[in-house]
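Peer 1: So I've got this file, start37.txt, and it contains compact mmCIF, N, CA and C atoms:
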```txt
# COMPACT_ATOMS: atom_id res chain seq x y z
N MET W 1 1.61 17.85 2.86
CA MET W 1 2.63 16.87 2.55
C MET W 1 1.99 15.78 1.69
N THR W 2 2.70 15.31 0.70
CA THR W 2 2.18 14.26 -0.17
C THR W 2 3.01 13.00 -0.02
N TRP W 3 2.40 11.87 -0.38
CA TRP W 3 3.12 10.61 -0.33
C TRP W 3 4.22 10.65 -1.36
N SER W 4 5.36 10.19 -0.98
CA SER W 4 6.52 10.22 -1.87
C SER W 4 7.02 8.81 -2.12
N PRO W 5 6.90 8.32 -3.35
CA PRO W 5 7.48 7.01 -3.65
C PRO W 5 8.97 6.97 -3.30
N GLU W 6 9.67 8.07 -3.51
CA GLU W 6 11.11 8.10 -3.23
C GLU W 6 11.37 7.93 -1.74
N ARG W 7 10.58 8.59 -0.89
CA ARG W 7 10.74 8.45 0.55
C ARG W 7 10.48 7.00 0.97
N SER W 8 9.45 6.39 0.39
CA SER W 8 9.17 4.98 0.70
C SER W 8 10.29 4.08 0.21
N ARG W 9 10.84 4.39 -0.95
CA ARG W 9 11.97 3.60 -1.46
C ARG W 9 13.13 3.63 -0.47
N ARG W 10 13.44 4.82 0.04
CA ARG W 10 14.54 4.94 1.00
C ARG W 10 14.25 4.17 2.28
N SER W 11 12.98 4.20 2.72
CA SER W 11 12.65 3.55 4.00
C SER W 11 12.69 2.04 3.92
N VAL W 12 12.56 1.46 2.73
CA VAL W 12 12.58 0.00 2.60
C VAL W 12 13.90 -0.51 2.01
N ALA W 13 14.78 0.38 1.62
CA ALA W 13 16.03 -0.03 0.97
C ALA W 13 16.88 -0.93 1.85
N ALA W 14 16.93 -0.67 3.13
CA ALA W 14 17.76 -1.46 4.04
C ALA W 14 17.33 -2.92 4.08
N SER W 15 16.08 -3.20 3.79
CA SER W 15 15.59 -4.58 3.84
C SER W 15 15.65 -5.26 2.47
N GLU W 16 16.25 -4.62 1.50
CA GLU W 16 16.35 -5.14 0.14
C GLU W 16 15.00 -5.29 -0.53
N ALA W 17 14.02 -4.53 -0.08
CA ALA W 17 12.69 -4.56 -0.69
C ALA W 17 12.72 -3.80 -2.01
N THR W 18 11.77 -4.12 -2.87
CA THR W 18 11.62 -3.45 -4.15
C THR W 18 10.26 -2.77 -4.18
N LEU W 19 10.26 -1.49 -4.49
CA LEU W 19 9.02 -0.72 -4.61
C LEU W 19 8.92 -0.21 -6.03
N GLU W 20 7.93 -0.71 -6.78
CA GLU W 20 7.72 -0.29 -8.16
C GLU W 20 6.47 0.57 -8.21
N VAL W 21 6.62 1.80 -8.69
CA VAL W 21 5.49 2.73 -8.74
C VAL W 21 5.31 3.20 -10.17
N GLY W 22 4.12 2.96 -10.70
CA GLY W 22 3.79 3.45 -12.03
C GLY W 22 3.34 4.90 -11.95
N GLU W 23 2.94 5.45 -13.07
CA GLU W 23 2.45 6.82 -13.09
C GLU W 23 1.14 6.88 -12.32
N LEU W 24 1.07 7.77 -11.35
CA LEU W 24 -0.12 7.90 -10.53
C LEU W 24 -0.85 9.20 -10.86
N PRO W 25 -2.17 9.16 -10.87
CA PRO W 25 -2.95 10.35 -11.21
C PRO W 25 -3.07 11.28 -10.01
N CYS W 26 -3.45 12.49 -10.28
CA CYS W 26 -3.82 13.43 -9.23
C CYS W 26 -5.26 13.09 -8.85
N VAL W 27 -5.52 12.89 -7.56
CA VAL W 27 -6.86 12.54 -7.11
C VAL W 27 -7.33 13.53 -6.06
N TYR W 28 -8.65 13.66 -5.93
CA TYR W 28 -9.24 14.50 -4.91
C TYR W 28 -9.39 13.69 -3.63
N GLY W 29 -9.07 14.30 -2.53
CA GLY W 29 -9.21 13.63 -1.24
C GLY W 29 -8.42 14.38 -0.20
N GLU W 30 -8.51 13.91 1.03
CA GLU W 30 -7.76 14.52 2.11
C GLU W 30 -6.33 14.00 2.05
N ALA W 31 -5.41 14.89 1.79
CA ALA W 31 -4.01 14.50 1.54
C ALA W 31 -3.44 13.66 2.67
N GLY W 32 -3.70 14.02 3.91
CA GLY W 32 -3.16 13.28 5.04
C GLY W 32 -3.65 11.85 5.09
N GLN W 33 -4.92 11.64 4.75
CA GLN W 33 -5.46 10.29 4.76
C GLN W 33 -4.92 9.45 3.61
N ILE W 34 -4.76 10.06 2.45
CA ILE W 34 -4.20 9.34 1.30
C ILE W 34 -2.75 8.97 1.59
N GLN W 35 -2.00 9.89 2.18
CA GLN W 35 -0.61 9.61 2.55
C GLN W 35 -0.57 8.48 3.56
N GLN W 36 -1.42 8.52 4.57
CA GLN W 36 -1.44 7.48 5.59
C GLN W 36 -1.77 6.12 4.98
N LEU W 37 -2.69 6.10 4.02
CA LEU W 37 -3.05 4.85 3.34
C LEU W 37 -1.83 4.21 2.69
N PHE W 38 -1.08 5.00 1.93
CA PHE W 38 0.09 4.45 1.25
C PHE W 38 1.17 4.05 2.25
N GLN W 39 1.36 4.83 3.30
CA GLN W 39 2.34 4.46 4.32
C GLN W 39 1.95 3.14 4.99
N ASN W 40 0.66 2.97 5.27
CA ASN W 40 0.20 1.72 5.88
C ASN W 40 0.39 0.53 4.96
N LEU W 41 0.13 0.71 3.67
CA LEU W 41 0.32 -0.38 2.72
C LEU W 41 1.78 -0.81 2.66
N VAL W 42 2.69 0.15 2.63
CA VAL W 42 4.12 -0.17 2.61
C VAL W 42 4.51 -0.85 3.92
N ALA W 43 4.06 -0.31 5.05
CA ALA W 43 4.39 -0.89 6.36
C ALA W 43 3.85 -2.31 6.48
N ASN W 44 2.62 -2.55 6.02
CA ASN W 44 2.04 -3.89 6.09
C ASN W 44 2.82 -4.87 5.22
N ALA W 45 3.23 -4.43 4.04
CA ALA W 45 4.03 -5.30 3.16
C ALA W 45 5.34 -5.67 3.84
N MET W 46 5.93 -4.73 4.57
CA MET W 46 7.19 -4.99 5.25
C MET W 46 6.99 -5.92 6.45
N GLN W 47 5.86 -5.76 7.15
CA GLN W 47 5.62 -6.55 8.35
C GLN W 47 5.16 -7.97 8.06
N PHE W 48 4.23 -8.13 7.13
CA PHE W 48 3.63 -9.43 6.85
C PHE W 48 4.24 -10.01 5.58
N ARG W 49 5.49 -10.39 5.70
CA ARG W 49 6.27 -10.81 4.55
C ARG W 49 6.69 -12.25 4.67
N ARG W 50 7.16 -12.77 3.57
CA ARG W 50 7.74 -14.11 3.55
C ARG W 50 9.24 -13.98 3.84
N ASP W 51 9.96 -15.06 3.72
CA ASP W 51 11.40 -15.04 3.96
C ASP W 51 12.18 -14.66 2.71
N VAL W 52 11.58 -13.85 1.87
CA VAL W 52 12.24 -13.33 0.67
C VAL W 52 12.07 -11.82 0.68
N PRO W 53 12.90 -11.09 -0.05
CA PRO W 53 12.73 -9.63 -0.09
C PRO W 53 11.33 -9.24 -0.57
N VAL W 54 10.81 -8.21 0.04
CA VAL W 54 9.48 -7.72 -0.30
C VAL W 54 9.49 -7.07 -1.68
N ARG W 55 8.44 -7.37 -2.45
CA ARG W 55 8.21 -6.70 -3.74
C ARG W 55 6.84 -6.07 -3.65
N LEU W 56 6.78 -4.76 -3.79
CA LEU W 56 5.53 -4.01 -3.69
C LEU W 56 5.36 -3.20 -4.97
N SER W 57 4.17 -3.29 -5.53
CA SER W 57 3.87 -2.60 -6.79
C SER W 57 2.64 -1.71 -6.61
N VAL W 58 2.73 -0.46 -7.08
CA VAL W 58 1.61 0.48 -7.05
C VAL W 58 1.40 0.97 -8.48
N ARG W 59 0.21 0.75 -8.99
CA ARG W 59 -0.13 1.14 -10.37
C ARG W 59 -1.50 1.82 -10.37
N ALA W 60 -1.78 2.55 -11.42
CA ALA W 60 -3.07 3.20 -11.56
C ALA W 60 -3.54 3.09 -13.00
N SER W 61 -4.87 3.05 -13.16
CA SER W 61 -5.45 3.05 -14.50
C SER W 61 -6.74 3.86 -14.44
N PRO W 62 -7.02 4.61 -15.50
CA PRO W 62 -8.25 5.40 -15.51
C PRO W 62 -9.48 4.51 -15.66
N GLU W 63 -10.54 4.88 -14.97
CA GLU W 63 -11.84 4.21 -15.11
C GLU W 63 -12.89 5.30 -15.16
N GLY W 64 -13.15 5.79 -16.37
CA GLY W 64 -14.09 6.91 -16.52
C GLY W 64 -13.52 8.16 -15.88
N GLU W 65 -14.32 8.77 -15.02
CA GLU W 65 -13.86 9.98 -14.32
C GLU W 65 -13.09 9.64 -13.04
N TYR W 66 -12.88 8.37 -12.78
CA TYR W 66 -12.18 7.90 -11.59
C TYR W 66 -10.86 7.26 -11.98
N ALA W 67 -10.10 6.90 -10.97
CA ALA W 67 -8.86 6.17 -11.19
C ALA W 67 -8.88 4.93 -10.31
N ARG W 68 -8.41 3.85 -10.86
CA ARG W 68 -8.28 2.60 -10.09
C ARG W 68 -6.83 2.50 -9.67
N ILE W 69 -6.61 2.34 -8.38
CA ILE W 69 -5.27 2.20 -7.84
C ILE W 69 -5.09 0.73 -7.43
N ASP W 70 -4.12 0.06 -8.01
CA ASP W 70 -3.84 -1.34 -7.69
C ASP W 70 -2.53 -1.41 -6.90
N VAL W 71 -2.60 -2.08 -5.76
CA VAL W 71 -1.42 -2.28 -4.92
C VAL W 71 -1.28 -3.78 -4.72
N ALA W 72 -0.09 -4.30 -4.97
CA ALA W 72 0.15 -5.74 -4.83
C ALA W 72 1.51 -5.95 -4.19
N ASP W 73 1.62 -7.04 -3.42
CA ASP W 73 2.92 -7.41 -2.87
C ASP W 73 3.05 -8.93 -2.84
N ASN W 74 4.21 -9.40 -2.53
CA ASN W 74 4.47 -10.84 -2.48
C ASN W 74 4.46 -11.35 -1.04
N GLY W 75 3.64 -10.73 -0.20
CA GLY W 75 3.58 -11.08 1.21
C GLY W 75 2.85 -12.38 1.47
N ILE W 76 2.50 -12.58 2.73
CA ILE W 76 1.90 -13.83 3.15
C ILE W 76 0.45 -13.97 2.74
N GLY W 77 -0.17 -12.91 2.27
CA GLY W 77 -1.55 -12.99 1.82
C GLY W 77 -2.54 -12.79 2.96
N LEU W 78 -3.79 -12.90 2.61
CA LEU W 78 -4.87 -12.66 3.55
C LEU W 78 -5.90 -13.76 3.38
N ALA W 79 -6.25 -14.42 4.46
CA ALA W 79 -7.25 -15.48 4.41
C ALA W 79 -8.59 -14.90 3.96
N ALA W 80 -9.34 -15.68 3.19
CA ALA W 80 -10.62 -15.21 2.65
C ALA W 80 -11.57 -14.74 3.75
N ASN W 81 -11.56 -15.37 4.90
CA ASN W 81 -12.49 -14.97 5.97
C ASN W 81 -12.10 -13.65 6.62
N LEU W 82 -10.94 -13.11 6.30
CA LEU W 82 -10.51 -11.83 6.85
C LEU W 82 -10.64 -10.68 5.87
N SER W 83 -11.04 -10.97 4.64
CA SER W 83 -11.09 -9.91 3.63
C SER W 83 -12.12 -8.84 3.96
N GLU W 84 -13.23 -9.20 4.58
CA GLU W 84 -14.24 -8.20 4.94
C GLU W 84 -13.80 -7.35 6.13
N PRO W 85 -13.34 -7.95 7.24
CA PRO W 85 -12.91 -7.12 8.38
C PRO W 85 -11.76 -6.17 8.06
N VAL W 86 -10.87 -6.58 7.17
CA VAL W 86 -9.71 -5.72 6.90
C VAL W 86 -10.14 -4.39 6.27
N LEU W 87 -11.29 -4.34 5.66
CA LEU W 87 -11.76 -3.12 5.03
C LEU W 87 -12.52 -2.21 6.01
N GLN W 88 -12.77 -2.68 7.22
CA GLN W 88 -13.46 -1.88 8.22
C GLN W 88 -12.46 -0.98 8.94
N ILE W 89 -12.84 0.28 9.12
CA ILE W 89 -11.96 1.23 9.76
C ILE W 89 -11.72 0.85 11.23
N PHE W 90 -10.50 0.98 11.68
CA PHE W 90 -10.09 0.71 13.05
C PHE W 90 -10.40 -0.72 13.49
N HIS W 91 -10.30 -1.67 12.59
CA HIS W 91 -10.56 -3.07 12.93
C HIS W 91 -9.27 -3.85 12.74
N PRO W 92 -8.47 -3.99 13.81
CA PRO W 92 -7.20 -4.72 13.66
C PRO W 92 -7.45 -6.22 13.48
N LEU W 93 -6.65 -6.85 12.67
CA LEU W 93 -6.75 -8.30 12.47
C LEU W 93 -5.88 -9.05 13.46
N HIS W 94 -4.86 -8.38 13.98
CA HIS W 94 -3.92 -9.00 14.90
C HIS W 94 -3.84 -8.16 16.17
N PRO W 95 -3.61 -8.78 17.32
CA PRO W 95 -3.50 -8.02 18.58
C PRO W 95 -2.28 -7.11 18.57
```
If you convert what's in this file into structure tokens, what do you get?
Peer 2:
Amino acid sequence: MTWSPERSRRSVAASEATLEVGELPCVYGEAGQIQQLFQNLVANAMQFRRDVPVRLSVRASPEGEYARIDVADNGIGLAANLSEPVLQIFHPLHP
């Protein structure tokens, strides 16, 4: 199963969220983990939001033999002191 921008669009439509997805490259990796990553990013954008509709953008650009994937939203943001822990696997920031 692959991540589907269309499926994510349907899941956030009820909240008036906007999901903008640019052309994404084919990448090597474990499909389930890549799908889970994108699902988590969408879920986090929906959960940690301001009092305005969520805007989430997913874009990609080539960088040599790799691809850079940029994900941005208009959520509440992340304090600088939490930027390192958030990248650690299985390290929740909130109870």
Peer 1: With all atoms listed in the file as the atoms that count, which of W:Glu23, W:Arg49, W:Phe38, W:Ser15 lies nearest to Ser61 in chain W?
Peer 2: W:Glu23
Peer 1: Between W:Gln36, W:Phe48, W:Ala43, W:Arg55, which has the minimum distance to Glu16 in chain W (counting only N, CA and C atoms)?
Peer 2: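 For Glu16 in chain W, the nearest of the candidates is W:Arg55.
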Peer 1: For CA of Asn44 in chain W and atom N of Arg68 in chain W, determine how far apart the two atoms are, in Å to one decimal place.
Peer 2: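 Distance between the two atoms: 21.4 Å.
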Peer 1: Rounded to one decimal, what separation in Å do you get between CA of Gly32 in chain W and CA of Glu20 in chain W?
Peer 2: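 Between CA of Gly32 in chain W and CA of Glu20 in chain W the gap works out to 21.8 Å.
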Peer 1: Would you pick out the contacts of range 56-59 of chain W at 9 Å or less, using only C-alpha atoms, so that residues sharing its chain but fewer than 2 positions from it are not included, and give the list as a list in words?
Peer 2: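 Counting only C-alpha atoms, the residues come to Ala17, Thr18, Leu19, Glu20, Val21, Gly22, Glu23, Leu24, Val42, Ala45, Val54, Ser61, Arg68, Ile69, Asp70, Val71, Ala72, Asp73, Asn74 and Gly75 of chain W.
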Peer 1: Can you tell me how far atom C of Gly77 in chain W sits from CA of Gln47 in chain W, in Å to one decimal?
Peer 2: 11.6 Å
Peer 1: How big is the axis-aligned box, and where does its centre sit, when it encloses all atoms of range 48-52 of chain W listed in the file and has 3 Å added on every side, reported in Å to one decimal as JSON?
Peer 2:
```
{"center_x": 7.9, "center_y": -11.6, "center_z": 3.9, "size_x": 14.6, "size_y": 12.9, "size_z": 12.5}
```
Peer 1: W:Ala67, W:Met46, W:Ala60, W:Val52: which is nearest Val27 in chain W, counting only N, CA and C atoms?
Peer 2: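 Checking each of W:Ala67, W:Met46, W:Ala60, W:Val52 against Val27 in chain W, counting only N, CA and C atoms, the winner is W:Ala67.
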